[in-house]
$ cat data_31.csv   # CSV, C-alpha atoms
chain,number,residue,atom,x,y,z
A,1,MET,CA,-66.0,-112.6,49.9
A,2,ASN,CA,-64.5,-114.8,52.7
A,3,THR,CA,-65.6,-117.9,50.7
A,4,ILE,CA,-63.7,-116.7,47.7
A,5,ILE,CA,-60.6,-116.0,49.8
A,6,ASN,CA,-60.8,-119.4,51.4
A,7,ILE,CA,-61.1,-121.1,48.0
A,8,LEU,CA,-58.0,-119.2,46.7
A,9,LYS,CA,-56.1,-120.4,49.7
A,10,ILE,CA,-56.3,-124.0,48.5
A,11,ARG,CA,-53.1,-124.8,46.5
A,12,GLU,CA,-54.9,-126.8,43.8
A,13,ASN,CA,-57.2,-123.9,43.1
A,14,GLN,CA,-54.2,-121.5,42.8
A,15,TYR,CA,-52.5,-124.0,40.4
A,16,PHE,CA,-55.8,-124.3,38.4
A,17,ILE,CA,-55.9,-120.5,38.0
A,18,LEU,CA,-52.3,-120.3,37.0
A,19,LEU,CA,-52.5,-123.1,34.3
A,20,LEU,CA,-55.7,-121.6,32.8
A,21,ALA,CA,-54.1,-118.1,32.8
A,22,LEU,CA,-51.0,-119.5,31.1
A,23,LEU,CA,-53.1,-120.9,28.2
A,24,VAL,CA,-55.3,-117.9,27.9
A,25,PHE,CA,-52.4,-115.4,27.9
A,26,LEU,CA,-50.4,-117.6,25.6
A,27,SER,CA,-53.2,-117.3,23.0
A,28,LYS,CA,-53.2,-113.5,23.5
A,29,GLY,CA,-49.5,-112.9,23.0
A,30,PHE,CA,-46.1,-113.1,24.6
A,31,HIS,CA,-45.6,-110.7,27.6
A,32,PHE,CA,-48.3,-111.8,30.0
A,33,SER,CA,-47.7,-115.5,29.4
A,34,SER,CA,-44.0,-115.2,30.0
A,35,ASN,CA,-44.8,-113.5,33.4
A,36,VAL,CA,-47.2,-116.4,34.2
A,37,ILE,CA,-44.5,-118.9,33.5
A,38,ALA,CA,-42.2,-117.2,36.0
A,39,ILE,CA,-45.0,-117.1,38.6
A,40,ILE,CA,-46.0,-120.8,38.1
A,41,SER,CA,-42.3,-121.8,38.3
A,42,LEU,CA,-41.9,-120.0,41.6
A,43,PHE,CA,-45.2,-121.4,42.8
A,44,TYR,CA,-43.8,-124.9,42.1
A,45,LEU,CA,-40.3,-124.4,43.4
A,46,LEU,CA,-41.2,-122.6,46.7
A,47,ASP,CA,-43.5,-125.4,47.8
A,48,LYS,CA,-42.4,-127.1,51.1
A,49,ASN,CA,-43.2,-130.5,49.4
A,50,LEU,CA,-40.9,-129.9,46.5
A,51,LEU,CA,-38.8,-133.0,47.1
A,52,LEU,CA,-41.9,-135.2,47.3
A,53,LYS,CA,-43.0,-133.7,44.0
A,54,LEU,CA,-39.7,-134.3,42.3
A,55,LYS,CA,-39.9,-137.9,43.3
A,56,ARG,CA,-43.3,-138.2,41.6
A,57,ILE,CA,-41.8,-137.2,38.2
A,58,ASP,CA,-42.5,-139.9,35.7
A,59,PHE,CA,-39.0,-140.1,34.1
A,60,LYS,CA,-40.0,-142.4,31.3
A,61,PHE,CA,-42.1,-139.6,30.0
A,62,TYR,CA,-39.9,-136.6,31.2
A,63,LEU,CA,-36.6,-137.9,29.9
A,64,PRO,CA,-37.0,-136.8,26.3
A,65,PHE,CA,-37.8,-133.3,27.4
A,66,LEU,CA,-34.7,-133.3,29.6
A,67,LEU,CA,-32.6,-134.7,26.7
A,68,TYR,CA,-33.9,-132.2,24.2
A,69,PHE,CA,-33.0,-129.3,26.6
A,70,GLY,CA,-29.6,-130.9,27.4
A,71,ILE,CA,-28.5,-131.2,23.8
A,72,HIS,CA,-28.8,-127.4,23.6
A,73,ILE,CA,-26.4,-127.1,26.5
A,74,ILE,CA,-23.9,-129.2,24.6
A,75,GLY,CA,-24.5,-127.3,21.4
A,76,LEU,CA,-23.6,-124.1,23.2
A,77,LEU,CA,-20.1,-125.4,23.8
A,78,TYR,CA,-19.1,-125.5,20.1
A,79,SER,CA,-21.1,-122.6,18.7
A,80,ASP,CA,-19.3,-119.6,17.4
A,81,ASN,CA,-22.3,-117.3,18.0
A,82,GLN,CA,-22.5,-117.6,21.7
A,83,GLN,CA,-25.1,-115.0,22.2
A,84,LYS,CA,-27.6,-116.8,19.9
A,85,SER,CA,-26.7,-120.1,21.6
A,86,TRP,CA,-27.6,-118.6,25.0
A,87,ASP,CA,-30.8,-117.2,23.5
A,88,LYS,CA,-31.8,-120.6,22.1
A,89,LEU,CA,-31.0,-122.3,25.5
A,90,ILE,CA,-33.1,-119.7,27.5
A,91,GLY,CA,-35.9,-120.1,24.9
A,92,LYS,CA,-35.9,-123.9,25.5
A,93,LEU,CA,-36.2,-123.5,29.3
A,94,SER,CA,-39.9,-124.2,29.0
A,95,PHE,CA,-39.1,-127.8,28.0
A,96,LEU,CA,-37.1,-128.3,31.2
A,97,LEU,CA,-39.5,-126.6,33.6
A,98,ILE,CA,-43.1,-126.8,32.5
A,99,PRO,CA,-43.4,-130.6,31.9
A,100,ALA,CA,-41.8,-131.4,35.3
A,101,ILE,CA,-44.4,-129.1,36.9
A,102,ILE,CA,-47.4,-130.5,35.1
A,103,ILE,CA,-46.6,-134.2,35.7
A,104,SER,CA,-45.8,-133.8,39.4
A,105,GLU,CA,-48.0,-131.0,40.8
A,106,LYS,CA,-51.2,-132.4,42.2
A,107,ILE,CA,-54.5,-131.5,40.5
A,108,SER,CA,-57.7,-133.5,39.9
A,109,LYS,CA,-58.8,-134.8,36.5
A,110,LYS,CA,-62.0,-132.8,36.9
A,111,SER,CA,-60.0,-129.6,37.3
A,112,MET,CA,-57.8,-130.4,34.3
A,113,PHE,CA,-61.0,-131.0,32.2
A,114,LYS,CA,-62.4,-127.7,33.3
A,115,ILE,CA,-59.2,-125.9,32.2
A,116,LEU,CA,-59.6,-127.4,28.7
A,117,VAL,CA,-63.2,-126.5,28.5
A,118,TYR,CA,-62.8,-123.0,29.7
A,119,PHE,CA,-59.9,-122.5,27.4
A,120,LYS,CA,-62.0,-123.8,24.5
A,121,TYR,CA,-64.7,-121.3,25.2
A,122,TRP,CA,-62.2,-118.5,25.6
A,123,LEU,CA,-60.9,-119.4,22.1
A,124,LEU,CA,-64.4,-119.3,20.6
A,125,ILE,CA,-65.1,-115.9,22.1
A,126,PHE,CA,-61.7,-114.6,21.0
A,127,ALA,CA,-62.2,-115.8,17.4
A,128,LEU,CA,-65.6,-114.0,17.3
A,129,PHE,CA,-63.9,-110.8,18.6
A,130,LEU,CA,-61.2,-111.0,15.9
A,131,ILE,CA,-63.8,-111.5,13.2
A,132,VAL,CA,-66.0,-108.6,14.4
A,133,LYS,CA,-63.0,-106.3,14.7
A,134,GLN,CA,-61.7,-107.3,11.2
A,135,VAL,CA,-65.0,-106.9,9.4
A,136,MET,CA,-67.2,-104.5,11.3
A,137,ILE,CA,-64.8,-102.2,13.1
A,138,ASP,CA,-61.8,-102.1,10.7
A,139,GLU,CA,-64.0,-102.8,7.6
A,140,ARG,CA,-61.5,-105.2,6.0
A,141,SER,CA,-61.9,-108.3,4.0
A,142,LEU,CA,-62.5,-111.3,6.2
A,143,TRP,CA,-59.8,-113.3,4.4
A,144,THR,CA,-57.0,-110.9,5.4
A,145,LEU,CA,-57.6,-111.4,9.1
A,146,PRO,CA,-54.3,-113.2,9.7
A,147,TYR,CA,-52.3,-110.4,8.1
A,148,PHE,CA,-54.1,-107.5,9.9
A,149,THR,CA,-56.3,-108.1,13.0
A,150,LEU,CA,-54.5,-111.3,14.2
A,151,LYS,CA,-51.1,-109.6,13.8
A,152,GLU,CA,-52.2,-106.4,15.5
A,153,VAL,CA,-54.0,-108.0,18.4
A,154,THR,CA,-51.7,-111.0,19.2
A,155,ASN,CA,-48.6,-110.7,16.9
A,156,ILE,CA,-48.8,-114.5,16.6
A,157,HIS,CA,-48.2,-116.2,13.3
A,158,GLN,CA,-51.3,-117.8,11.8
A,159,TRP,CA,-50.0,-121.4,12.0
A,160,TYR,CA,-49.1,-121.1,15.7
A,161,PHE,CA,-52.5,-119.5,16.4
A,162,SER,CA,-54.3,-122.3,14.5
A,163,GLN,CA,-52.7,-125.0,16.8
A,164,PHE,CA,-54.9,-123.7,19.7
A,165,TYR,CA,-58.0,-124.3,17.6
A,166,PHE,CA,-56.9,-127.7,16.5
A,167,LEU,CA,-56.7,-128.5,20.3
A,168,ALA,CA,-60.2,-127.1,20.7
A,169,LEU,CA,-61.4,-129.4,17.8
A,170,LEU,CA,-59.9,-132.4,19.5
A,171,LEU,CA,-61.6,-131.4,22.8
A,172,VAL,CA,-65.0,-131.4,21.1
A,173,LEU,CA,-64.3,-134.9,19.8
A,174,TYR,CA,-63.3,-136.0,23.3
A,175,GLN,CA,-66.4,-134.4,24.9
A,176,THR,CA,-68.6,-136.1,22.3
A,177,GLN,CA,-67.1,-139.5,23.2
A,178,LYS,CA,-67.6,-138.9,26.9
A,179,ASN,CA,-71.2,-137.5,26.4
A,180,THR,CA,-70.4,-134.3,28.1
A,181,ILE,CA,-71.7,-132.2,25.2
A,182,SER,CA,-74.8,-132.6,23.0
A,183,ILE,CA,-74.3,-133.7,19.4
A,184,ALA,CA,-76.1,-130.5,18.2
A,185,LEU,CA,-73.7,-128.3,20.2
A,186,ALA,CA,-70.7,-130.4,19.0
A,187,ILE,CA,-71.7,-129.9,15.4
A,188,LEU,CA,-72.1,-126.2,15.9
A,189,GLU,CA,-68.8,-125.8,17.6
A,190,ILE,CA,-67.0,-128.0,15.1
A,191,SER,CA,-68.4,-126.0,12.2
A,192,PHE,CA,-67.3,-122.7,13.7
A,193,ILE,CA,-63.8,-124.0,14.7
A,194,THR,CA,-63.2,-125.5,11.2
A,195,PHE,CA,-64.3,-122.3,9.5
A,196,PHE,CA,-62.0,-120.2,11.7
A,197,ILE,CA,-59.1,-122.6,11.0
A,198,LEU,CA,-59.8,-122.2,7.3
A,199,LEU,CA,-59.9,-118.4,7.8
A,200,LEU,CA,-56.4,-118.5,9.4
A,201,GLY,CA,-55.2,-120.1,6.2
A,202,SER,CA,-52.9,-122.7,7.7
A,203,GLY,CA,-52.8,-125.6,5.1
A,204,PRO,CA,-51.6,-128.4,7.4
A,205,THR,CA,-54.1,-127.5,10.2
A,206,MET,CA,-57.0,-127.4,7.7
A,207,ILE,CA,-56.2,-130.8,6.3
A,208,LEU,CA,-55.8,-132.4,9.8
A,209,ALA,CA,-59.0,-130.7,11.0
A,210,VAL,CA,-61.0,-132.3,8.2
A,211,LEU,CA,-59.5,-135.7,9.2
A,212,VAL,CA,-60.6,-135.1,12.8
A,213,ILE,CA,-64.1,-134.4,11.6
A,214,ILE,CA,-64.2,-137.5,9.5
A,215,LEU,CA,-62.9,-139.5,12.6
A,216,LEU,CA,-65.7,-137.9,14.6
A,217,VAL,CA,-68.3,-139.1,12.0
A,218,LEU,CA,-66.9,-142.6,11.8
A,219,THR,CA,-66.2,-143.4,15.5
A,220,VAL,CA,-68.3,-141.2,17.7
A,221,ILE,CA,-71.6,-140.4,16.0
A,222,LYS,CA,-73.7,-143.6,16.0
A,223,LYS,CA,-76.9,-142.5,14.3
A,224,LEU,CA,-76.9,-142.6,10.5
A,225,HIS,CA,-78.9,-139.4,10.0
A,226,LEU,CA,-76.4,-137.5,12.2
A,227,LYS,CA,-73.5,-138.9,10.3
A,228,LEU,CA,-75.1,-137.7,7.1
A,229,LEU,CA,-75.8,-134.3,8.6
A,230,VAL,CA,-72.2,-133.7,9.6
A,231,LEU,CA,-70.8,-134.9,6.3
A,232,GLY,CA,-73.4,-132.8,4.5
A,233,ILE,CA,-72.3,-129.7,6.5
A,234,LEU,CA,-68.7,-130.4,5.6
A,235,LEU,CA,-69.4,-130.9,1.9
A,236,MET,CA,-71.6,-127.8,1.8
A,237,GLY,CA,-68.8,-125.8,3.4
A,238,VAL,CA,-66.3,-127.1,0.9
A,239,PHE,CA,-68.7,-126.3,-1.9
A,240,LEU,CA,-69.4,-122.8,-0.7
A,241,MET,CA,-65.8,-122.0,-0.1
A,242,LYS,CA,-64.3,-123.5,-3.3
A,243,ASP,CA,-65.1,-120.4,-5.4
A,244,THR,CA,-63.9,-117.8,-3.0
A,245,PHE,CA,-60.8,-115.8,-4.1
A,246,PHE,CA,-59.0,-117.1,-1.0
A,247,ILE,CA,-59.5,-120.8,-2.0
A,248,LYS,CA,-58.8,-120.2,-5.7
A,249,LYS,CA,-55.5,-118.5,-4.8
A,250,LYS,CA,-54.6,-121.5,-2.6
A,251,ILE,CA,-55.4,-124.0,-5.4
A,252,HIS,CA,-53.5,-121.9,-7.9
A,253,ARG,CA,-50.4,-121.9,-5.8
A,254,ILE,CA,-50.5,-125.6,-5.2
A,255,THR,CA,-51.0,-126.3,-8.9
A,256,HIS,CA,-48.3,-123.9,-10.1
A,257,ILE,CA,-45.3,-125.0,-8.1
A,258,GLU,CA,-41.9,-124.8,-9.8
A,259,TRP,CA,-40.4,-128.1,-8.7
A,260,ASN,CA,-37.2,-127.7,-10.6
A,261,LEU,CA,-34.8,-126.3,-8.0
A,262,GLU,CA,-32.6,-124.4,-10.3
A,263,LYS,CA,-35.5,-122.7,-12.0
A,264,ASN,CA,-37.1,-122.1,-8.6
A,265,ILE,CA,-34.0,-120.4,-7.2
A,266,LYS,CA,-33.7,-118.3,-10.4
A,267,LYS,CA,-37.4,-117.3,-10.2
A,268,HIS,CA,-37.0,-116.0,-6.6
A,269,ALA,CA,-33.5,-114.5,-7.0
A,270,LEU,CA,-33.3,-110.7,-7.1
A,271,VAL,CA,-37.1,-110.5,-6.8
A,272,PHE,CA,-38.9,-109.6,-3.5
A,273,SER,CA,-42.4,-111.0,-3.1
A,274,SER,CA,-44.9,-109.8,-0.5
A,275,GLU,CA,-47.6,-111.9,1.0
A,276,PHE,CA,-50.2,-110.1,-1.1
A,277,ASN,CA,-48.9,-110.7,-4.6
A,278,GLY,CA,-49.3,-114.4,-4.5
A,279,TYR,CA,-45.8,-115.9,-3.8
A,280,ASN,CA,-45.8,-119.6,-3.4
A,281,THR,CA,-44.8,-120.6,0.1
A,282,LEU,CA,-44.0,-124.2,-0.9
A,283,GLU,CA,-41.6,-122.9,-3.5
A,284,LEU,CA,-39.8,-120.8,-0.9
A,285,ARG,CA,-39.7,-123.8,1.4
A,286,LEU,CA,-38.0,-125.9,-1.3
A,287,ILE,CA,-35.2,-123.3,-1.4
A,288,LYS,CA,-34.8,-123.2,2.4
A,289,TRP,CA,-34.8,-127.1,2.6
A,290,HIS,CA,-32.1,-127.2,-0.1
A,291,LEU,CA,-29.8,-124.8,1.7
A,292,ALA,CA,-30.5,-126.5,5.1
A,293,THR,CA,-29.8,-129.9,3.7
A,294,ASP,CA,-26.4,-128.6,2.4
A,295,ILE,CA,-25.5,-127.4,5.9
A,296,ILE,CA,-26.4,-130.8,7.3
A,297,LYS,CA,-24.3,-132.6,4.7
A,298,ASN,CA,-21.3,-130.6,5.5
A,299,ASN,CA,-21.7,-131.0,9.3
A,300,LEU,CA,-23.3,-134.5,9.4
A,301,TRP,CA,-22.7,-135.9,12.9
A,302,ILE,CA,-22.8,-133.0,15.4
A,303,GLY,CA,-24.0,-130.0,13.3
A,304,VAL,CA,-22.8,-126.5,13.7
A,305,GLY,CA,-24.0,-125.8,17.2
A,306,ALA,CA,-27.1,-124.2,18.7
A,307,GLY,CA,-26.4,-120.7,17.6
A,308,ASP,CA,-24.7,-120.8,14.2
A,309,HIS,CA,-27.2,-122.5,11.8
A,310,GLN,CA,-29.3,-119.4,11.1
A,311,ASP,CA,-26.2,-117.4,10.3
A,312,LEU,CA,-25.2,-120.1,7.7
A,313,LEU,CA,-28.7,-120.1,6.3
A,314,ASN,CA,-28.6,-116.3,5.9
A,315,LYS,CA,-25.3,-116.6,4.1
A,316,GLY,CA,-26.9,-119.1,1.8
A,317,TYR,CA,-29.7,-116.7,1.0
A,318,GLU,CA,-27.2,-114.0,0.1
A,319,LYS,CA,-25.1,-116.4,-2.0
A,320,ILE,CA,-28.1,-117.2,-4.3
A,321,GLN,CA,-29.6,-113.7,-3.9
A,322,PHE,CA,-32.9,-115.0,-2.5
A,323,GLN,CA,-34.5,-111.7,-1.7
A,324,ASN,CA,-37.2,-112.9,0.7
A,325,GLY,CA,-34.7,-114.9,2.6
A,326,MET,CA,-32.3,-112.0,2.8
A,327,LYS,CA,-35.1,-109.7,4.1
A,328,TYR,CA,-36.8,-112.0,6.6
A,329,HIS,CA,-34.0,-114.3,7.6
A,330,TYR,CA,-36.3,-117.4,7.3
A,331,ASN,CA,-35.7,-120.4,9.4
A,332,ALA,CA,-35.7,-123.8,7.6
A,333,HIS,CA,-39.5,-124.3,8.0
A,334,ASN,CA,-38.8,-127.9,8.9
A,335,GLN,CA,-38.0,-128.8,12.5
A,336,TYR,CA,-36.2,-132.0,11.6
A,337,LEU,CA,-33.8,-130.0,9.4
A,338,GLU,CA,-33.5,-127.4,12.2
A,339,GLU,CA,-32.2,-130.0,14.5
A,340,GLY,CA,-30.0,-131.5,11.8
A,341,MET,CA,-28.3,-128.2,11.2
A,342,LYS,CA,-27.8,-127.6,14.9
A,343,PHE,CA,-26.8,-131.0,16.1
A,344,GLY,CA,-26.4,-133.2,13.0
A,345,ILE,CA,-27.8,-136.7,12.9
A,346,ILE,CA,-27.7,-136.8,16.7
A,347,GLY,CA,-30.1,-133.9,16.8
A,348,ILE,CA,-32.6,-135.5,14.5
A,349,ILE,CA,-32.5,-138.7,16.6
A,350,VAL,CA,-33.1,-136.7,19.8
A,351,LEU,CA,-36.1,-135.0,18.1
A,352,LEU,CA,-37.5,-138.4,16.9
A,353,PHE,CA,-37.0,-139.8,20.3
A,354,PHE,CA,-38.8,-136.8,21.9
A,355,LEU,CA,-41.9,-137.3,19.6
A,356,GLY,CA,-41.7,-141.1,19.4
A,357,ASN,CA,-41.5,-141.6,23.1
A,358,SER,CA,-44.6,-139.5,23.8
A,359,LEU,CA,-46.4,-141.2,20.9
A,360,ILE,CA,-45.6,-144.7,22.2
A,361,LEU,CA,-46.7,-143.8,25.8
A,362,ALA,CA,-49.9,-142.3,24.4
A,363,PHE,CA,-50.6,-145.6,22.5
A,364,LYS,CA,-50.0,-147.6,25.6
A,365,GLN,CA,-52.4,-145.4,27.5
A,366,GLY,CA,-55.0,-145.6,24.7
A,367,ASN,CA,-54.8,-141.8,24.8
A,368,VAL,CA,-56.3,-140.8,21.4
A,369,PHE,CA,-56.3,-137.1,22.4
A,370,LEU,CA,-52.5,-137.1,22.9
A,371,ILE,CA,-51.9,-139.4,19.9
A,372,MET,CA,-53.7,-136.9,17.6
A,373,MET,CA,-51.8,-133.9,19.1
A,374,ILE,CA,-48.4,-135.7,18.7
A,375,LEU,CA,-49.2,-136.6,15.1
A,376,PHE,CA,-50.2,-133.0,14.5
A,377,ILE,CA,-46.8,-131.8,15.7
A,378,ALA,CA,-44.9,-134.5,13.8
A,379,ILE,CA,-46.6,-133.8,10.5
A,380,SER,CA,-46.5,-130.0,11.0
A,381,ALA,CA,-42.8,-130.3,11.7
A,382,LEU,CA,-42.2,-131.3,8.1
A,383,ILE,CA,-43.2,-127.9,6.9
A,384,GLU,CA,-42.9,-125.7,10.0
A,385,SER,CA,-40.1,-125.1,12.5
A,386,VAL,CA,-42.5,-125.8,15.4
A,387,PHE,CA,-40.0,-125.4,18.2
A,388,VAL,CA,-38.3,-122.3,17.0
A,389,ARG,CA,-40.8,-119.7,18.0
A,390,TYR,CA,-42.0,-119.0,21.5
A,391,HIS,CA,-45.6,-120.1,20.9
A,392,GLY,CA,-44.5,-123.5,19.6
A,393,ILE,CA,-42.1,-124.1,22.4
A,394,VAL,CA,-44.4,-123.1,25.3
A,395,PHE,CA,-47.6,-124.5,23.9
A,396,TYR,CA,-46.2,-128.0,23.4
A,397,SER,CA,-44.2,-127.9,26.6
A,398,ILE,CA,-47.7,-127.4,28.2
A,399,ILE,CA,-50.1,-129.5,26.2
A,400,ILE,CA,-48.1,-132.8,25.7
A,401,PRO,CA,-47.6,-133.3,29.5
A,402,PHE,CA,-51.0,-131.9,30.2
A,403,LEU,CA,-52.8,-134.5,28.0
A,404,TYR,CA,-50.5,-137.3,29.3
A,405,THR,CA,-51.3,-136.5,32.9
A,406,PHE,CA,-55.0,-135.8,32.2
A,407,HIS,CA,-55.4,-139.3,30.8
A,408,LYS,CA,-53.3,-140.9,33.5
A,409,LEU,CA,-55.5,-139.6,36.3
A,410,LYS,CA,-58.4,-141.9,37.3
A,411,ASP,CA,-59.6,-140.0,40.4
A,412,ALA,CA,-62.9,-138.7,39.3
A,413,LYS,CA,-65.6,-138.8,36.6
A,414,ILE,CA,-65.7,-135.8,34.3
$ encode --input "data_31.csv" --output "structure tokens"
Amino acid sequence: MNTIINILKIRENQYFILLLALLVFLSKGFHFSSNVIAIISLFYLLDKNLLLKLKRIDFKFYLPFLLYFGIHIIGLLYSDNQQKSWDKLIGKLSFLLIPAIIISEKISKKSMFKILVYFKYWLLIFALFLIVKQVMIDERSLWTLPYFTLKEVTNIHQWYFSQFYFLALLLVLYQTQKNTISIALAILEISFITFFILLLGSGPTMILAVLVIILLVLTVIKKLHLKLLVLGILLMGVFLMKDTFFIKKKIHRITHIEWNLEKNIKKHALVFSSEFNGYNTLELRLIKWHLATDIIKNNLWIGVGAGDHQDLLNKGYEKIQFQNGMKYHYNAHNQYLEEGMKFGIIGIIVLLFFLGNSLILAFKQGNVFLIMMILFIAISALIESVFVRYHGIVFYSIIIPFLYTFHKLKDAKI
């Protein structure tokens, strides 16, 4: 007991526990993770060595986070809806606090690696629990897991939940490169993670997951028979899945998109579509993007402010009688358009600088782990508003500086 107490007295061990708890609770929901953010912030700020830590902040990396938060302060000044502007600003606090903590609080590379590995195994266990609950306890179809069990247990949207598993997939790739995991175990974990991502039904994550597996086969696995085995498993999985109702429905939606905007708007006007009667999410996105683009055109340089863009989108939904938009008050489902509506061209430039700076620094480091994660965000941002919801803001305010710092540390072998 005394040994445990002594271990917990060491600051790095306390920080280790807080970081791991933050990731685990983040994947479980909202309330506990928000409490951990408050605790980890106090843990950082109340340190007697705070000034020394602040001097250690790598500003060439941290500046875009600071700028992205700062533009929301400016956007507050000319927003009509002050309450929403303040809510947006408070929501973006993670971009101000968490990266500064992660890049300046002392921790070893070995400890950071353990956090990633423990988090990966937590995700695997959690995925198994969700599957068992969905199929064996609640006796529901496996393919409706995102709409029932996932929502009931975590209340996290399937795309935001899938990002955790994309990170786990990248970790397996990294572990295989560093020979810290056997090829057999890597293949088993990759197969399960890919299956679960497919089960979550997030199109962009599924496509990028397949690309990661191909990258694994081409660059990491050296033996020809193992390359063929992994490719065989992938092809077999695709073959087995192609005739399921779930996949057929996805293919049907992709091949039956109404690209004509006028017809598309007319098709979805005065008609409410639920997630279970096969509405085409890309068709709905085309409508959102059209309305968001109009808002940007009319407020080209500085946008409408941090709090007014959603109100204008909602008015646009009412104007064309877009029932789903009127009911759910959809965001633009495109982060670049979100920033364009809020802050005009300046906002889009700030977002591109935010992503581009991290990507450039990752390339300079030779940090493939971070490069893949930034590309995942940048591509997903084309069809998702990745920094609108809590789980997008907090996850990326953690994982980008985490992977940057992890690669930068050279203090120990993993």
$ atom_distance --input "data_31.csv" --atom1 "atom CA of Met373 of chain A" --atom2 "atom CA of Tyr62 of chain A"
17.2 Å
$ closest_residue --input "data_31.csv" --among "A:Gln14, A:Ser141, A:Thr281, A:Asn334" --to "Leu382 of chain A" --atoms "only C-alpha atoms"
A:Asn334
$ residues_around --input "data_31.csv" --residues "Val350 of chain A" --least-positions-apart "2" --cutoff "9 Å" --atoms "all atoms listed in the file" --output "PyMOL selection string"
chain A and resi 64+67-68+71+339+345-348+352-355
$ closest_residue --input "data_31.csv" --among "A:Lys106, A:Lys133, A:His333, A:Lys410" --to "Phe387 of chain A" --atoms "only C-alpha atoms"
A:His333
$ closest_residue --input "data_31.csv" --among "A:Ser41, A:Thr144, A:Gln321, A:Gln163" --to "Ile399 of chain A" --atoms "all atoms listed in the file"
A:Gln163
$ atom_distance --input "data_31.csv" --atom1 "atom CA of Leu123 of chain A" --atom2 "atom CA of Glu139 of chain A"
22.3 Å
$ atom_distance --input "data_31.csv" --atom1 "atom CA of Tyr160 of chain A" --atom2 "atom CA of Ile207 of chain A"
15.3 Å
$ residues_around --input "data_31.csv" --residues "Ile287 of chain A" --least-positions-apart "3" --cutoff "9 Å" --atoms "only C-alpha atoms" --output "list in words"
Leu261, Asn264, Ile265, Leu282, Glu283, Leu284, His290, Leu291, Ala292, Tyr317 and Phe322 of chain A
$ closest_residue --input "data_31.csv" --among "A:Ser397, A:Asn155, A:Asn49, A:Ser34" --to "Leu66 of chain A" --atoms "all atoms listed in the file"
A:Ser397
$ closest_residue --input "data_31.csv" --among "A:Asn35, A:Lys319, A:Lys114, A:Leu51" --to "Leu20 of chain A" --atoms "only C-alpha atoms"
A:Lys114
$ closest_residue --input "data_31.csv" --among "A:Ala100, A:Phe196, A:Leu173, A:Lys297" --to "Met372 of chain A" --atoms "all atoms listed in the file"
A:Leu173
$ residues_around --input "data_31.csv" --residues "Leu403 of chain A" --least-positions-apart "5" --cutoff "9 Å" --atoms "only C-alpha atoms" --output "number ranges by chain"
A: 367, 369-370, 373, 398, 408
$ residues_around --input "data_31.csv" --residues "Gly307 of chain A" --least-positions-apart "4" --cutoff "6 Å" --atoms "all atoms listed in the file" --output "PDB file with C-alpha atoms, in the frame of the given file"
ATOM      1  CA  SER A  79     -21.100-122.600  18.700  1.00  0.00           C
ATOM      2  CA  ASN A  81     -22.300-117.300  18.000  1.00  0.00           C
ATOM      3  CA  LYS A  84     -27.600-116.800  19.900  1.00  0.00           C
ATOM      4  CA  SER A  85     -26.700-120.100  21.600  1.00  0.00           C
TER       5      SER A  85
END
$ build_atoms --input "data_31.csv" --residues "segment 370-380 of chain A" --atoms "N, CA and C atoms" --output "PDB file, keeping the file's coordinate frame"
ATOM      1  N   LEU A 370     -53.975-137.394  22.990  1.00  0.00           N
ATOM      2  CA  LEU A 370     -52.500-137.100  22.900  1.00  0.00           C
ATOM      3  C   LEU A 370     -51.958-137.633  21.583  1.00  0.00           C
ATOM      4  N   ILE A 371     -52.404-138.800  21.143  1.00  0.00           N
ATOM      5  CA  ILE A 371     -51.900-139.400  19.900  1.00  0.00           C
ATOM      6  C   ILE A 371     -52.163-138.368  18.735  1.00  0.00           C
ATOM      7  N   MET A 372     -53.365-137.830  18.672  1.00  0.00           N
ATOM      8  CA  MET A 372     -53.700-136.900  17.600  1.00  0.00           C
ATOM      9  C   MET A 372     -52.856-135.613  17.703  1.00  0.00           C
ATOM     10  N   MET A 373     -52.572-135.162  18.940  1.00  0.00           N
ATOM     11  CA  MET A 373     -51.800-133.900  19.100  1.00  0.00           C
ATOM     12  C   MET A 373     -50.324-134.177  18.705  1.00  0.00           C
ATOM     13  N   ILE A 374     -49.770-135.348  19.061  1.00  0.00           N
ATOM     14  CA  ILE A 374     -48.400-135.700  18.700  1.00  0.00           C
ATOM     15  C   ILE A 374     -48.275-135.787  17.157  1.00  0.00           C
ATOM     16  N   LEU A 375     -49.251-136.454  16.540  1.00  0.00           N
ATOM     17  CA  LEU A 375     -49.200-136.600  15.100  1.00  0.00           C
ATOM     18  C   LEU A 375     -49.334-135.217  14.409  1.00  0.00           C
ATOM     19  N   PHE A 376     -50.130-134.332  15.002  1.00  0.00           N
ATOM     20  CA  PHE A 376     -50.200-133.000  14.500  1.00  0.00           C
ATOM     21  C   PHE A 376     -48.874-132.269  14.506  1.00  0.00           C
ATOM     22  N   ILE A 377     -48.150-132.431  15.615  1.00  0.00           N
ATOM     23  CA  ILE A 377     -46.800-131.800  15.700  1.00  0.00           C
ATOM     24  C   ILE A 377     -45.854-132.455  14.736  1.00  0.00           C
ATOM     25  N   ALA A 378     -45.843-133.796  14.686  1.00  0.00           N
ATOM     26  CA  ALA A 378     -44.900-134.500  13.800  1.00  0.00           C
ATOM     27  C   ALA A 378     -45.084-134.183  12.364  1.00  0.00           C
ATOM     28  N   ILE A 379     -46.343-134.091  11.930  1.00  0.00           N
ATOM     29  CA  ILE A 379     -46.600-133.800  10.500  1.00  0.00           C
ATOM     30  C   ILE A 379     -46.339-132.308  10.243  1.00  0.00           C
ATOM     31  N   SER A 380     -46.762-131.439  11.156  1.00  0.00           N
ATOM     32  CA  SER A 380     -46.500-130.000  11.000  1.00  0.00           C
ATOM     33  C   SER A 380     -45.014-129.705  10.937  1.00  0.00           C
TER      34      SER A 380
END
